[in-house]
Amino acid sequence: MKVPIILLATLSLLLGSSLYPTRAETASTPLILTIGSGDSEPYLDADLWSFDADSGTLNLLTHDGHTDDGVISPDGQYIAYQSLAKEILPFFDNGGGVAGVLSTNIELLDLSTGKSAEIASQPQGYTPFKGDDRDLSEGYTHSDPVWSPDSTALAWTERGFSFGERLVEYDLKGQKSTILATYPPDDVAPAIPLWGAVGIALPIVSPHEGGFLFRVYDRGGKVLMSLPRRQFDDFPYRWLNSGDKHMLMTGSLAQGSEAPHFSEFPAGTPVEDVGKVELYNATAPDGISLREGSCERGSACQWTMWQGGHKLTEFQTTFNEPATSNESMWLAISPDGTEAAYIDNNGLVMVNGGKVQPITLPKSSRIEALNWGTLAWRTDKN
């Protein structure tokens, strides 16, 4: 609102399989759009839709008008998303407003059945409206959820007045949430965790360890790596893959910014020369990739599309470099690695076969976010 080699086998058991689904297993995964119908802020008039890139058809997935930022699982079977807490809906539906961070829930949509289930909600007895007073301080606010690489679990952060902020993991099979870590709140909104092949990375505050840190946790809550951070200059934060190596990339790639830092997992050793950095869909590593070119803070970004070492095309996005770790809010690559999509002035643009094509949607539509599976960053230097 981002272990020595001998232990990697053990890490895979703790984290779930580090292998993403294959291209064939995710071929039918739809592009998920968060679409609003007016000029309101997110949550107040938005729902999730699926978009079929071949037929150009839209299909409504949610119906409450208070959803935000759907994130599809790597295997394409589920969508996790935030929604406004039901306890505050009556006030918003009557045209009211509340200052401060909103109380939100997390829901899980099964694409095979079209049914949603609430997996993170408000504390029992939560009453935000007491007479004429409006108080959200007793409610819980959640970050966007993120998926494990094997689609068996979700992670998010949760903020509450009584405990500060905590990292939560939700196991789909057991339908159970586990608190992995608790720490003081840092920013206005809960930090978004980043789940990579070797762990869950998260910026936290630890007064007893020098203040601002990046930590990497396993699924049991064990700390695998801890790094100092520069508070504001380490955003966005991403996992970066380089062959068998994994690095935490912190800081902006935009021109005019301080150069990003690269720290190798698990020792935290700085890496100076990482080569060219590119974005791809984790289920199609041999598909297209995107490289960020000229991208100055406060202006548009230039991107180039590559495959097999060959440049296919280039395009310009009107959004700035994202301030969080998850580019999938503005930019997406298909699970089969053949095309990309991005938001341009609240509209949808597809990039396929070297062609950049704006997509016509109903005039009242306002695309707030999109997601087409798990994006990952890598370097060409192994």
# chains A, B, ... in the order shown; residues from 1 in each chain; ligands from 1
call {"tool": "residues_around", "arguments": {"residues": "Leu33 in chain A", "least_positions_apart": "6", "cutoff": "9 Å", "atoms": "only C-alpha atoms", "output": "list in words"}}
result
Asp47, Leu48, Trp49, Ser50, Phe51, Asp69, Gly70, Ile367, Glu368, Ala369, Leu370, Asn371 and Trp372 of chain A
call {"tool": "closest_atom_pairs", "arguments": {"of": "range 169-249 of chain A", "to": "range 260-281 of chain A", "cutoff": "12 Å", "atoms": "only C-alpha atoms", "output": "Markdown table"}}
result
| residue | atom | partner | partner_atom | distance |
| --- | --- | --- | --- | --- |
| A:Gly196 | CA | A:Phe265 | CA | 11.2 |
| A:Ala197 | CA | A:Phe265 | CA | 11.0 |
| A:Val198 | CA | A:Phe265 | CA | 8.4 |
| A:Gly199 | CA | A:Phe265 | CA | 9.7 |
| A:Ile200 | CA | A:Phe265 | CA | 11.8 |
| A:Ala201 | CA | A:Phe265 | CA | 10.8 |
| A:Phe214 | CA | A:Gly268 | CA | 10.4 |
| A:Arg215 | CA | A:Gly268 | CA | 10.5 |
| A:Val216 | CA | A:Pro266 | CA | 8.8 |
| A:Tyr217 | CA | A:Pro266 | CA | 10.9 |
| A:Asp218 | CA | A:Pro266 | CA | 11.9 |
| A:Val223 | CA | A:Pro266 | CA | 10.2 |
| A:Leu224 | CA | A:Pro266 | CA | 6.6 |
| A:Met225 | CA | A:Pro266 | CA | 5.6 |
| A:Ser226 | CA | A:Gly268 | CA | 7.6 |
| A:Leu227 | CA | A:Gly268 | CA | 6.7 |
| A:Pro228 | CA | A:Gly268 | CA | 9.8 |
| A:Arg229 | CA | A:His261 | CA | 9.8 |
| A:Arg230 | CA | A:His261 | CA | 10.3 |
| A:Phe232 | CA | A:Pro260 | CA | 11.9 |
| A:Asp233 | CA | A:Pro260 | CA | 8.4 |
| A:Asp234 | CA | A:Pro260 | CA | 7.4 |
| A:Phe235 | CA | A:Pro260 | CA | 8.9 |
| A:Pro236 | CA | A:Pro260 | CA | 9.2 |
| A:Tyr237 | CA | A:Pro260 | CA | 9.2 |
| A:Arg238 | CA | A:Phe262 | CA | 9.7 |
| A:Trp239 | CA | A:Phe262 | CA | 9.4 |
| A:Leu240 | CA | A:Val277 | CA | 8.2 |
| A:Asn241 | CA | A:Val277 | CA | 9.4 |
| A:Ser242 | CA | A:Val274 | CA | 8.1 |
| A:Gly243 | CA | A:Val274 | CA | 11.3 |
| A:Asp244 | CA | A:Phe265 | CA | 10.7 |
| A:Lys245 | CA | A:Glu264 | CA | 7.3 |
| A:His246 | CA | A:Phe265 | CA | 5.6 |
| A:Met247 | CA | A:Glu264 | CA | 4.3 |
| A:Leu248 | CA | A:Ser263 | CA | 5.2 |
| A:Met249 | CA | A:Phe262 | CA | 4.7 |
call {"tool": "closest_residue", "arguments": {"among": "A:Gly373, A:Gly293, A:Gly337, A:Gly174", "to": "Gln316 in chain A", "atoms": "only C-alpha atoms"}}
result
A:Gly293
call {"tool": "select_by_dssp", "arguments": {"residues": "range 60-227 of chain A", "states": "strand (DSSP E or B)", "output": "NGL selection string"}}
result
:A and (60 or 66-72 or 78-84 or 104-110 or 115-120 or 129-130 or 133-134 or 141-142 or 146-147 or 153-160 or 164-171 or 176-183 or 194-195 or 200-206 or 211-217 or 223-227)
call {"tool": "write_last_selection", "arguments": {"atoms": "C-alpha atoms", "output": "PDB file, in the first residue's frame"}}
result
ATOM      1  CA  LEU A  60     -16.352 -11.371 -13.784  1.00  0.00           C
ATOM      2  CA  HIS A  66     -14.506  -4.096  -2.690  1.00  0.00           C
ATOM      3  CA  THR A  67     -11.539  -6.196  -3.869  1.00  0.00           C
ATOM      4  CA  ASP A  68      -7.963  -5.345  -4.722  1.00  0.00           C
ATOM      5  CA  ASP A  69      -4.888  -6.877  -6.396  1.00  0.00           C
ATOM      6  CA  GLY A  70      -5.688 -10.501  -7.193  1.00  0.00           C
ATOM      7  CA  VAL A  71      -2.601 -12.756  -7.254  1.00  0.00           C
ATOM      8  CA  ILE A  72      -2.923 -16.044  -9.141  1.00  0.00           C
ATOM      9  CA  TYR A  78      -6.371 -20.176  -7.176  1.00  0.00           C
ATOM     10  CA  ILE A  79      -6.458 -16.408  -6.762  1.00  0.00           C
ATOM     11  CA  ALA A  80      -5.663 -14.774  -3.428  1.00  0.00           C
ATOM     12  CA  TYR A  81      -6.780 -11.196  -2.907  1.00  0.00           C
ATOM     13  CA  GLN A  82      -7.575  -8.504  -0.365  1.00  0.00           C
ATOM     14  CA  SER A  83     -11.088  -7.254   0.362  1.00  0.00           C
ATOM     15  CA  LEU A  84     -12.488  -4.623   2.682  1.00  0.00           C
ATOM     16  CA  THR A 104      -8.901  -5.663   5.212  1.00  0.00           C
ATOM     17  CA  ASN A 105      -9.403  -9.408   4.898  1.00  0.00           C
ATOM     18  CA  ILE A 106      -7.746 -11.957   2.599  1.00  0.00           C
ATOM     19  CA  GLU A 107      -9.825 -14.298   0.475  1.00  0.00           C
ATOM     20  CA  LEU A 108      -8.998 -17.337  -1.656  1.00  0.00           C
ATOM     21  CA  LEU A 109     -10.873 -17.928  -4.918  1.00  0.00           C
ATOM     22  CA  ASP A 110     -10.956 -21.426  -6.439  1.00  0.00           C
ATOM     23  CA  LYS A 115     -16.176 -19.899  -4.955  1.00  0.00           C
ATOM     24  CA  SER A 116     -14.240 -17.736  -2.490  1.00  0.00           C
ATOM     25  CA  ALA A 117     -13.302 -18.496   1.111  1.00  0.00           C
ATOM     26  CA  GLU A 118     -12.117 -16.003   3.718  1.00  0.00           C
ATOM     27  CA  ILE A 119      -8.729 -17.063   5.096  1.00  0.00           C
ATOM     28  CA  ALA A 120      -7.747 -13.948   7.093  1.00  0.00           C
ATOM     29  CA  PHE A 129     -18.340   2.138  14.732  1.00  0.00           C
ATOM     30  CA  LYS A 130     -19.321   3.028  18.283  1.00  0.00           C
ATOM     31  CA  ASP A 133     -17.216   7.511  16.541  1.00  0.00           C
ATOM     32  CA  ARG A 134     -15.307   5.698  13.796  1.00  0.00           C
ATOM     33  CA  THR A 141      -4.787  -4.575   8.111  1.00  0.00           C
ATOM     34  CA  HIS A 142      -3.140  -7.064   5.748  1.00  0.00           C
ATOM     35  CA  VAL A 146       2.181 -13.880  -1.950  1.00  0.00           C
ATOM     36  CA  TRP A 147       2.388 -17.510  -3.122  1.00  0.00           C
ATOM     37  CA  ALA A 153       0.947 -21.970   0.813  1.00  0.00           C
ATOM     38  CA  LEU A 154       0.476 -18.213   1.050  1.00  0.00           C
ATOM     39  CA  ALA A 155       2.247 -15.593   3.131  1.00  0.00           C
ATOM     40  CA  TRP A 156       1.250 -12.094   4.157  1.00  0.00           C
ATOM     41  CA  THR A 157       1.860  -9.593   6.911  1.00  0.00           C
ATOM     42  CA  GLU A 158      -0.825  -8.549   9.358  1.00  0.00           C
ATOM     43  CA  ARG A 159      -0.934  -5.413  11.480  1.00  0.00           C
ATOM     44  CA  GLY A 160      -2.932  -4.933  14.670  1.00  0.00           C
ATOM     45  CA  GLY A 164       2.322  -4.567  16.023  1.00  0.00           C
ATOM     46  CA  GLU A 165       3.022  -6.474  12.812  1.00  0.00           C
ATOM     47  CA  ARG A 166       3.528 -10.173  12.107  1.00  0.00           C
ATOM     48  CA  LEU A 167       4.412 -12.508   9.256  1.00  0.00           C
ATOM     49  CA  VAL A 168       1.774 -15.178   8.654  1.00  0.00           C
ATOM     50  CA  GLU A 169       1.904 -18.365   6.564  1.00  0.00           C
ATOM     51  CA  TYR A 170      -1.288 -20.124   5.418  1.00  0.00           C
ATOM     52  CA  ASP A 171      -1.191 -23.808   4.435  1.00  0.00           C
ATOM     53  CA  LYS A 176      -4.308 -23.365   8.877  1.00  0.00           C
ATOM     54  CA  SER A 177      -2.472 -20.100   9.544  1.00  0.00           C
ATOM     55  CA  THR A 178       0.837 -19.981  11.423  1.00  0.00           C
ATOM     56  CA  ILE A 179       2.533 -16.865  12.803  1.00  0.00           C
ATOM     57  CA  LEU A 180       6.193 -17.004  11.729  1.00  0.00           C
ATOM     58  CA  ALA A 181       7.457 -13.742  13.250  1.00  0.00           C
ATOM     59  CA  THR A 182       6.242 -10.679  15.171  1.00  0.00           C
ATOM     60  CA  TYR A 183       7.987  -7.284  15.117  1.00  0.00           C
ATOM     61  CA  LEU A 194       8.684 -11.790  -1.046  1.00  0.00           C
ATOM     62  CA  TRP A 195       8.617 -15.596  -1.402  1.00  0.00           C
ATOM     63  CA  ILE A 200      10.491 -15.520   2.475  1.00  0.00           C
ATOM     64  CA  ALA A 201      12.211 -12.115   2.449  1.00  0.00           C
ATOM     65  CA  LEU A 202      10.776  -9.236   4.445  1.00  0.00           C
ATOM     66  CA  PRO A 203      11.844  -5.750   5.606  1.00  0.00           C
ATOM     67  CA  ILE A 204      11.392  -5.425   9.369  1.00  0.00           C
ATOM     68  CA  VAL A 205      12.276  -3.228  12.328  1.00  0.00           C
ATOM     69  CA  SER A 206      14.307  -4.794  15.131  1.00  0.00           C
ATOM     70  CA  GLY A 211      16.857  -0.988  13.620  1.00  0.00           C
ATOM     71  CA  PHE A 212      16.040  -1.596   9.955  1.00  0.00           C
ATOM     72  CA  LEU A 213      16.732  -5.082   8.586  1.00  0.00           C
ATOM     73  CA  PHE A 214      15.921  -7.478   5.779  1.00  0.00           C
ATOM     74  CA  ARG A 215      15.240 -10.964   7.026  1.00  0.00           C
ATOM     75  CA  VAL A 216      14.726 -14.248   5.195  1.00  0.00           C
ATOM     76  CA  TYR A 217      12.572 -16.886   6.919  1.00  0.00           C
ATOM     77  CA  VAL A 223      15.776 -16.861  10.253  1.00  0.00           C
ATOM     78  CA  LEU A 224      17.961 -17.935   7.315  1.00  0.00           C
ATOM     79  CA  MET A 225      19.554 -14.549   6.575  1.00  0.00           C
ATOM     80  CA  SER A 226      19.579 -11.105   8.179  1.00  0.00           C
ATOM     81  CA  LEU A 227      20.884  -7.943   6.490  1.00  0.00           C
TER      82      LEU A 227
END
call {"tool": "closest_residue", "arguments": {"among": "A:Ile359, A:Leu290, A:Leu172, A:Leu102", "to": "Ala332 in chain A", "atoms": "only C-alpha atoms"}}
result
A:Leu290
call {"tool": "closest_residue", "arguments": {"among": "A:Gln124, A:Thr379, A:Thr29, A:Thr317", "to": "Thr304 in chain A", "atoms": "only C-alpha atoms"}}
result
A:Thr317
call {"tool": "closest_residue", "arguments": {"among": "A:Pro335, A:Pro30, A:Gly251, A:Pro362", "to": "Ala284 in chain A", "atoms": "only C-alpha atoms"}}
result
A:Pro335
call {"tool": "atom_distance", "arguments": {"atom1": "CA of Ser37 in chain A", "atom2": "CA of Gly56 in chain A"}}
result
18.7 Å
call {"tool": "atom_distance", "arguments": {"atom1": "CA of Asp186 in chain A", "atom2": "CA of Pro145 in chain A"}}
result
18.0 Å
call {"tool": "atom_distance", "arguments": {"atom1": "CA of Thr283 in chain A", "atom2": "CA of Asp150 in chain A"}}
result
10.7 Å
